[in-house]
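Asker: Hey, dropping model-v1.cif in here, mmCIF, C-alpha atoms and all ligand atoms:
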```cif
data_final
loop_
_atom_site.label_atom_id
_atom_site.label_comp_id
_atom_site.auth_asym_id
_atom_site.auth_seq_id
_atom_site.Cartn_x
_atom_site.Cartn_y
_atom_site.Cartn_z
CA MET U 14 79.09 131.31 84.09
CA ALA U 15 76.28 133.68 85.13
CA PRO U 16 72.95 132.85 83.43
CA ARG U 17 71.67 135.12 80.68
CA LEU U 18 68.89 137.14 82.20
CA LYS U 19 65.53 137.42 80.49
CA VAL U 20 64.25 140.98 80.53
CA LEU U 21 60.68 141.78 79.55
CA GLY U 22 59.79 145.36 78.63
CA ILE U 23 56.12 146.24 78.99
CA ALA U 24 55.01 149.40 77.19
CA ALA U 25 51.74 150.62 78.67
CA GLY U 26 51.27 153.71 76.53
CA PRO U 27 49.09 153.69 73.43
CA ARG U 28 51.69 155.69 71.48
CA LYS U 29 54.26 153.33 69.97
CA GLY U 30 57.60 155.09 69.76
CA GLY U 31 56.29 157.64 72.26
CA ASN U 32 58.26 159.14 75.11
CA SER U 33 57.84 156.34 77.62
CA ASP U 34 58.38 153.73 74.91
CA THR U 35 61.61 155.46 73.83
CA LEU U 36 62.95 155.34 77.38
CA LEU U 37 61.92 151.71 77.66
CA GLN U 38 63.76 150.86 74.45
CA ARG U 39 66.89 152.60 75.73
CA ALA U 40 66.66 150.58 78.92
CA LEU U 41 66.28 147.34 76.94
CA LEU U 42 69.31 148.25 74.82
CA GLY U 43 71.22 148.84 78.05
CA ALA U 44 70.17 145.38 79.25
CA GLU U 45 71.18 143.79 75.95
CA SER U 46 74.61 145.40 76.17
CA LEU U 47 75.18 143.20 79.21
CA GLY U 48 74.08 140.07 77.39
CA ALA U 49 70.45 139.94 78.53
CA ARG U 50 67.79 138.51 76.26
CA THR U 51 65.07 141.12 75.87
CA GLU U 52 61.52 141.27 74.60
CA GLU U 53 59.19 144.26 74.41
CA ILE U 54 55.42 143.98 74.40
CA TYR U 55 52.85 146.71 73.86
CA LEU U 56 49.78 146.33 76.00
CA SER U 57 47.80 148.10 73.28
CA ASP U 58 48.36 145.04 71.05
CA PHE U 59 46.44 142.85 73.48
CA GLN U 60 42.82 142.60 74.47
CA VAL U 61 42.62 142.38 78.23
CA THR U 62 39.16 142.75 79.72
CA PRO U 63 38.60 144.19 83.20
CA CYS U 64 38.62 142.12 86.38
CA THR U 65 35.00 141.08 86.96
CA GLU U 66 35.53 140.60 90.69
CA CYS U 67 33.92 137.18 90.37
CA ASN U 68 36.21 135.87 93.11
CA HIS U 69 36.95 132.69 91.20
CA CYS U 70 40.62 133.25 92.02
CA LEU U 71 40.01 133.04 95.77
CA THR U 72 39.98 129.26 95.67
CA GLY U 73 42.74 128.32 93.22
CA GLY U 74 44.64 131.54 92.53
CA SER U 75 43.87 131.54 88.83
CA CYS U 76 41.68 133.73 86.66
CA ASN U 77 38.85 132.09 84.76
CA VAL U 78 38.35 134.96 82.33
CA ILE U 79 40.20 133.73 79.28
CA ASP U 80 41.62 136.39 76.98
CA ASP U 81 45.02 137.94 76.28
CA PHE U 82 45.76 138.21 79.99
CA GLN U 83 47.04 134.64 80.12
CA PRO U 84 49.76 135.03 77.43
CA ILE U 85 50.93 138.29 79.00
CA LEU U 86 51.05 136.69 82.42
CA GLY U 87 53.03 133.78 80.95
CA LYS U 88 55.65 136.23 79.71
CA ILE U 89 55.80 138.04 83.04
CA LEU U 90 56.22 134.83 85.03
CA ASN U 91 58.89 133.65 82.61
CA ALA U 92 60.96 136.83 82.96
CA ASP U 93 63.78 137.40 85.43
CA ARG U 94 63.41 141.15 85.08
CA VAL U 95 60.55 143.41 84.06
CA ILE U 96 60.77 147.02 82.98
CA PHE U 97 57.36 148.68 82.98
CA ALA U 98 56.97 151.97 81.14
CA THR U 99 53.90 154.17 81.24
CA PRO U 100 52.94 157.72 80.41
CA VAL U 101 51.02 159.47 83.18
CA PHE U 102 47.33 159.69 82.30
CA PHE U 103 45.21 161.66 84.77
CA MET U 104 47.79 161.33 87.52
CA THR U 105 48.34 157.61 87.23
CA VAL U 106 49.08 154.72 84.86
CA THR U 107 47.24 154.24 81.57
CA ALA U 108 43.99 152.32 81.26
CA GLN U 109 45.86 149.56 79.42
CA ALA U 110 48.16 149.21 82.41
CA LYS U 111 45.32 149.20 84.91
CA LEU U 112 43.46 146.44 83.09
CA LEU U 113 46.50 144.19 83.34
CA ILE U 114 47.20 145.18 86.94
CA ASP U 115 43.68 144.45 88.15
CA ARG U 116 43.64 141.06 86.47
CA CYS U 117 46.72 140.18 88.51
CA GLN U 118 44.49 140.01 91.57
CA CYS U 119 44.70 136.23 91.12
CA LEU U 120 48.43 136.45 91.84
CA TRP U 121 47.82 138.59 94.89
CA VAL U 122 45.48 135.84 96.09
CA ARG U 123 48.04 133.16 95.29
CA ARG U 124 50.71 134.94 97.25
CA HIS U 125 48.90 136.51 100.16
CA ARG U 126 45.87 134.28 100.75
CA LEU U 127 46.97 130.87 99.52
CA HIS U 128 50.60 131.48 100.54
CA ARG U 129 51.94 129.98 97.34
CA PRO U 130 55.14 131.77 96.34
CA ILE U 131 55.77 132.60 92.72
CA ILE U 132 58.96 130.75 91.91
CA GLY U 133 61.46 132.15 89.45
CA ARG U 134 64.60 130.52 88.13
CA PRO U 135 66.74 129.02 90.88
CA GLY U 136 69.23 131.53 92.24
CA ILE U 137 67.76 134.49 90.36
CA GLU U 138 65.82 137.08 92.29
CA ARG U 139 62.97 138.50 90.23
CA ARG U 140 63.33 142.24 89.94
CA ALA U 141 61.62 145.11 88.17
CA ALA U 142 62.02 148.77 87.31
CA VAL U 143 59.49 151.41 86.43
CA ILE U 144 59.64 154.27 83.93
CA ALA U 145 57.03 157.02 83.77
CA VAL U 146 56.77 160.31 81.91
CA GLY U 147 54.30 163.13 82.29
CA GLY U 148 53.66 166.29 80.34
CA SER U 149 53.04 168.66 83.22
CA ARG U 150 55.40 170.24 85.70
CA GLY U 151 53.78 168.25 88.52
CA LYS U 152 55.64 165.65 90.52
CA LYS U 153 52.93 164.19 92.73
CA MET U 154 51.59 162.16 89.81
CA PHE U 155 54.63 159.92 90.09
CA ASP U 156 53.67 159.01 93.66
CA SER U 157 50.46 157.40 92.47
CA VAL U 158 52.25 155.64 89.60
CA ARG U 159 54.82 154.32 92.03
CA TRP U 160 52.31 153.16 94.63
CA THR U 161 50.22 151.33 92.08
CA LEU U 162 53.18 149.64 90.44
CA GLU U 163 54.92 148.78 93.70
CA THR U 164 51.77 147.07 94.89
CA TRP U 165 51.39 145.25 91.59
CA LEU U 166 55.00 144.08 91.61
CA ASP U 167 54.58 142.79 95.13
CA ALA U 168 51.66 140.66 93.91
CA LEU U 169 53.99 139.32 91.21
CA ASP U 170 56.64 138.60 93.84
CA MET U 171 59.03 140.89 92.01
CA LYS U 172 61.23 143.31 93.85
CA TYR U 173 60.76 146.92 92.80
CA THR U 174 64.32 148.04 92.31
CA ALA U 175 64.37 151.39 90.55
CA GLY U 176 62.18 154.07 89.06
CA LEU U 177 62.85 156.73 86.47
CA PHE U 178 60.30 159.55 86.42
CA VAL U 179 60.47 162.44 84.00
CA ASN U 180 58.07 165.39 83.97
CA ARG U 181 57.52 168.16 81.41
CA VAL U 182 57.79 165.76 78.49
CA ASP U 183 54.70 166.07 76.35
CA GLU U 184 55.01 166.21 72.57
CA PRO U 185 55.78 162.99 70.70
CA GLY U 186 59.56 162.72 70.45
CA ALA U 187 60.20 165.35 73.12
CA ILE U 188 62.16 162.83 75.15
CA LEU U 189 64.81 162.70 72.41
CA ASN U 190 65.94 166.16 73.54
CA HIS U 191 66.30 164.94 77.09
CA ARG U 192 69.76 163.48 77.06
CA GLU U 193 69.92 162.99 80.78
CA ALA U 194 66.73 160.92 80.80
CA LEU U 195 67.97 158.78 77.91
CA ALA U 196 71.27 158.15 79.65
CA HIS U 197 69.51 157.24 82.90
CA ALA U 198 67.27 154.80 81.05
CA THR U 199 70.27 153.03 79.53
CA ARG U 200 71.95 152.84 82.92
CA LEU U 201 68.79 151.54 84.51
CA GLY U 202 68.60 148.71 81.95
CA ARG U 203 72.26 147.85 82.41
CA HIS U 204 72.02 147.82 86.16
CA LEU U 205 68.93 145.66 86.15
CA ALA U 206 70.45 143.13 83.76
CA ASP U 207 73.86 142.93 85.34
CA PRO U 208 74.02 139.63 87.24
CA ALA U 209 76.76 141.14 89.41
CA SER U 210 74.71 144.22 90.33
CA ARG U 211 74.20 144.96 93.95
CA PHE U 212 70.77 146.38 94.67
CA PRO U 213 70.05 148.59 97.65
CA GLU U 214 67.32 147.51 100.05
CA THR U 215 65.19 150.51 99.17
CA PRO U 216 64.46 151.32 95.52
CA THR U 217 66.47 153.97 93.72
CA ASN U 218 64.00 156.53 92.37
CA ILE U 219 65.22 159.19 89.99
CA LEU U 220 62.98 162.17 89.32
CA LEU U 221 64.14 164.42 86.52
CA ASP U 222 62.43 167.76 86.90
CA GLU U 223 63.16 169.90 83.89
C1 LIG S 301 44.56 160.99 78.36
C2 LIG S 301 45.80 161.74 78.76
C3 LIG S 301 45.95 162.09 80.09
C4 LIG S 301 47.11 162.75 80.52
N1 LIG S 301 47.25 163.06 81.84
C5 LIG S 301 48.38 163.65 82.28
C6 LIG S 301 48.56 163.95 83.66
O1 LIG S 301 47.71 163.70 84.51
N2 LIG S 301 49.71 164.55 84.05
C7 LIG S 301 50.70 164.84 83.15
O2 LIG S 301 51.74 165.37 83.56
N3 LIG S 301 50.57 164.56 81.83
C8 LIG S 301 49.45 163.96 81.37
N4 LIG S 301 49.31 163.64 80.04
C9 LIG S 301 50.42 163.90 79.10
C10 LIG S 301 51.28 162.67 78.85
O3 LIG S 301 51.69 162.06 80.05
C11 LIG S 301 52.53 163.07 78.05
O4 LIG S 301 52.14 163.60 76.81
C12 LIG S 301 53.51 161.95 77.84
O5 LIG S 301 54.70 162.46 77.27
C13 LIG S 301 52.98 160.88 76.91
O6 LIG S 301 53.90 159.82 76.88
P1 LIG S 301 53.99 158.80 75.65
O7 LIG S 301 54.59 159.55 74.50
O8 LIG S 301 54.84 157.69 76.14
O9 LIG S 301 52.59 158.36 75.36
C14 LIG S 301 48.14 163.04 79.58
C15 LIG S 301 47.96 162.70 78.22
C16 LIG S 301 46.80 162.06 77.82
C17 LIG S 301 46.63 161.69 76.37
#
```
Output the structure of this file as structure tokens.
Answerer:
Amino acid sequence: MAPRLKVLGIAAGPRKGGNSDTLLQRALLGAESLGARTEEIYLSDFQVTPCTECNHCLTGGSCNVIDDFQPILGKILNADRVIFATPVFFMTVTAQAKLLIDRCQCLWVRRHRLHRPIIGRPGIERRAAVIAVGGSRGKKMFDSVRWTLETWLDALDMKYTAGLFVNRVDEPGAILNHREALAHATRLGRHLADPASRFPETPTNILLDE
């Protein structure tokens, strides 16, 4: 029997129940419908301080600043799949997201300097998907979100599999009128959590331009 996948949803927006969070929850429901075990965390519930660039991690690949980063990292390393959802703030991810991302420099060191792979469960490739929403009609903002998160996921040794990017979604709850985006989010979660899914070599990025 295929193992039950563990899917971690990370909400990087400060607005609980906001547009990106709503899409994330749809994706998690999609994953659950295929039997995955899911958990959602809100980065705004945690206190993660910035990377101090102390370079402690260069020797052992771990961070010596002790705060809420360690429990979040534990959840990420324990997950088979991650779905990361962020609103666009000033053309990129939120500050909450960036704090977490920068602290993962220790994993980048582990992987690329110390050549210590991050091992998941045997036989399960670690994969991730990204969701981002922005209020403006711009599209370029999703490039910076994607670059940042692709680079982060590489440090985590997780394969970036799919992205869902939706522009012109601004007011709280506006996403509820966007049936196409909601349906894509559910599909994204199902696909990610389906042990039988085949994933293309290059990520599938969906940009919904209203
Ligand atoms: C501080 C801040 C910065 C923002 N910057 C951008 C931006 O650069 N581009 C954009 O399209 N929308 C921007 N927005 C709008 C949000 O991305 C938009 O309202 C989104 O729907 C919020 O998602 P949420 O409900 O998940 O928080 C910004 C909003 C805030 C509060």
Asker: Give me the residues near stretch 212-220 of chain U as an NGL selection string, where near means some atom within 8 Å (using all atoms listed in the file) and where sequence neighbours in that chain fewer than 4 positions away do not count.
Answerer: :U and (173-180)
Asker: Hey, what's within 10 Å of U:Leu127 if we count all atoms listed in the file and toss same-chain stuff fewer than 4 positions away? As a VMD selection string, please?
Answerer: chain U and resid 71 to 74 120 to 123
Asker: Would you mind telling me which residue in U:Gln109, U:Thr199, U:Thr164, U:Asn91 lies nearest to ligand LIG 301 (chain S) when using only C-alpha atoms and all ligand atoms?
Answerer: U:Gln109
Asker: List all protein, DNA and RNA residues that have any atom at most 6 Å from ligand LIG 301 (chain S), counting all atoms listed in the file, and write the list as a ChimeraX atom specification.
Answerer: /U:26,28,31-34,100-104,146-149,182-185
Asker: To one decimal place, how far is atom CA of U:Val95 from atom CA of U:Ser157 in Å?
Answerer: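 Interatomic distance here is 19.2 Å.
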Asker: Between atom CA of U:Ala198 and atom CA of U:Gly30, what is the distance in Å, rounded to a tenth?
Answerer: 14.9 Å
Asker: Applying 10 Å and all atoms listed in the file, which residues near U:Arg39 remain after dropping the ones on its own chain fewer than 2 positions away? List them as a list of chain:residue names.
Answerer: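 Result of the neighbour search: U:Ser33, U:Asp34, U:Thr35, U:Leu36, U:Leu37, U:Leu41, U:Leu42, U:Gly43, U:Ala44, U:Glu45, U:Ala194, U:Leu195, U:Ala196, U:His197, U:Ala198, U:Thr199, U:Arg200, U:Leu201, U:Gly202, U:Arg203.
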Asker: Start from the incomplete input, build all heavy atoms for stretch 170-181 of chain U, and deliver everything as a tab-separated table (two decimals), in the frame of the given file.
Answerer:
```tsv
chain	number	residue	atom	x	y	z
U	170	ASP	N	55.43	139.05	93.13
U	170	ASP	CA	56.64	138.60	93.84
U	170	ASP	C	57.91	139.07	93.12
U	170	ASP	O	58.87	138.33	92.97
U	170	ASP	CB	56.63	137.07	93.98
U	170	ASP	CG	57.32	136.65	95.26
U	170	ASP	OD1	57.93	137.51	95.91
U	170	ASP	OD2	57.25	135.45	95.60
U	171	MET	N	57.86	140.30	92.67
U	171	MET	CA	59.03	140.89	92.01
U	171	MET	C	59.47	142.08	92.83
U	171	MET	O	58.62	142.87	93.27
U	171	MET	CB	58.69	141.39	90.61
U	171	MET	CG	58.61	140.31	89.58
U	171	MET	SD	58.76	140.97	87.91
U	171	MET	CE	60.02	139.90	87.26
U	172	LYS	N	60.74	142.21	93.02
U	172	LYS	CA	61.23	143.31	93.85
U	172	LYS	C	61.36	144.58	93.02
U	172	LYS	O	62.04	144.60	92.00
U	172	LYS	CB	62.59	142.92	94.42
U	172	LYS	CG	62.89	143.66	95.65
U	172	LYS	CD	63.86	142.88	96.52
U	172	LYS	CE	63.97	143.64	97.81
U	172	LYS	NZ	64.42	142.89	98.91
U	173	TYR	N	60.67	145.62	93.47
U	173	TYR	CA	60.76	146.92	92.80
U	173	TYR	C	62.12	147.52	93.13
U	173	TYR	O	62.41	147.83	94.28
U	173	TYR	CB	59.61	147.81	93.28
U	173	TYR	CG	59.70	149.25	92.84
U	173	TYR	CD1	59.85	149.58	91.51
U	173	TYR	CD2	59.61	150.28	93.76
U	173	TYR	CE1	59.92	150.91	91.11
U	173	TYR	CE2	59.67	151.61	93.38
U	173	TYR	CZ	59.83	151.91	92.04
U	173	TYR	OH	59.90	153.22	91.64
U	174	THR	N	62.92	147.69	92.10
U	174	THR	CA	64.32	148.04	92.31
U	174	THR	C	64.62	149.50	92.01
U	174	THR	O	65.43	150.11	92.70
U	174	THR	CB	65.19	147.15	91.38
U	174	THR	OG1	64.96	145.80	91.75
U	174	THR	CG2	66.64	147.48	91.49
U	175	ALA	N	64.01	150.02	90.95
U	175	ALA	CA	64.37	151.39	90.55
U	175	ALA	C	63.23	152.01	89.77
U	175	ALA	O	62.44	151.32	89.12
U	175	ALA	CB	65.62	151.37	89.68
U	176	GLY	N	63.17	153.33	89.84
U	176	GLY	CA	62.18	154.07	89.06
U	176	GLY	C	62.83	155.27	88.39
U	176	GLY	O	63.72	155.89	88.96
U	177	LEU	N	62.40	155.54	87.19
U	177	LEU	CA	62.85	156.73	86.47
U	177	LEU	C	61.61	157.53	86.09
U	177	LEU	O	60.75	157.03	85.35
U	177	LEU	CB	63.64	156.32	85.22
U	177	LEU	CG	64.05	157.46	84.27
U	177	LEU	CD1	64.94	158.48	84.97
U	177	LEU	CD2	64.77	156.89	83.04
U	178	PHE	N	61.51	158.73	86.60
U	178	PHE	CA	60.30	159.55	86.42
U	178	PHE	C	60.70	160.89	85.81
U	178	PHE	O	61.57	161.59	86.36
U	178	PHE	CB	59.59	159.75	87.76
U	178	PHE	CG	59.28	158.45	88.45
U	178	PHE	CD1	60.07	157.99	89.50
U	178	PHE	CD2	58.23	157.65	88.01
U	178	PHE	CE1	59.80	156.76	90.11
U	178	PHE	CE2	57.96	156.43	88.61
U	178	PHE	CZ	58.75	155.99	89.67
U	179	VAL	N	60.07	161.22	84.71
U	179	VAL	CA	60.47	162.44	84.00
U	179	VAL	C	59.23	163.28	83.73
U	179	VAL	O	58.29	162.83	83.06
U	179	VAL	CB	61.16	162.10	82.66
U	179	VAL	CG1	61.81	163.34	82.07
U	179	VAL	CG2	62.19	161.00	82.82
U	180	ASN	N	59.22	164.52	84.23
U	180	ASN	CA	58.07	165.39	83.97
U	180	ASN	C	58.40	166.38	82.84
U	180	ASN	O	59.50	166.39	82.30
U	180	ASN	CB	57.60	166.10	85.25
U	180	ASN	CG	58.61	167.10	85.76
U	180	ASN	OD1	59.69	167.24	85.20
U	180	ASN	ND2	58.28	167.79	86.83
U	181	ARG	N	57.41	167.15	82.48
U	181	ARG	CA	57.52	168.16	81.41
U	181	ARG	C	58.00	167.58	80.07
U	181	ARG	O	58.80	168.18	79.37
U	181	ARG	CB	58.48	169.28	81.82
U	181	ARG	CG	58.01	170.01	83.06
U	181	ARG	CD	58.69	171.32	83.16
U	181	ARG	NE	58.84	171.72	84.55
U	181	ARG	CZ	59.24	172.92	84.93
U	181	ARG	NH1	59.56	173.81	84.02
U	181	ARG	NH2	59.35	173.21	86.18
```
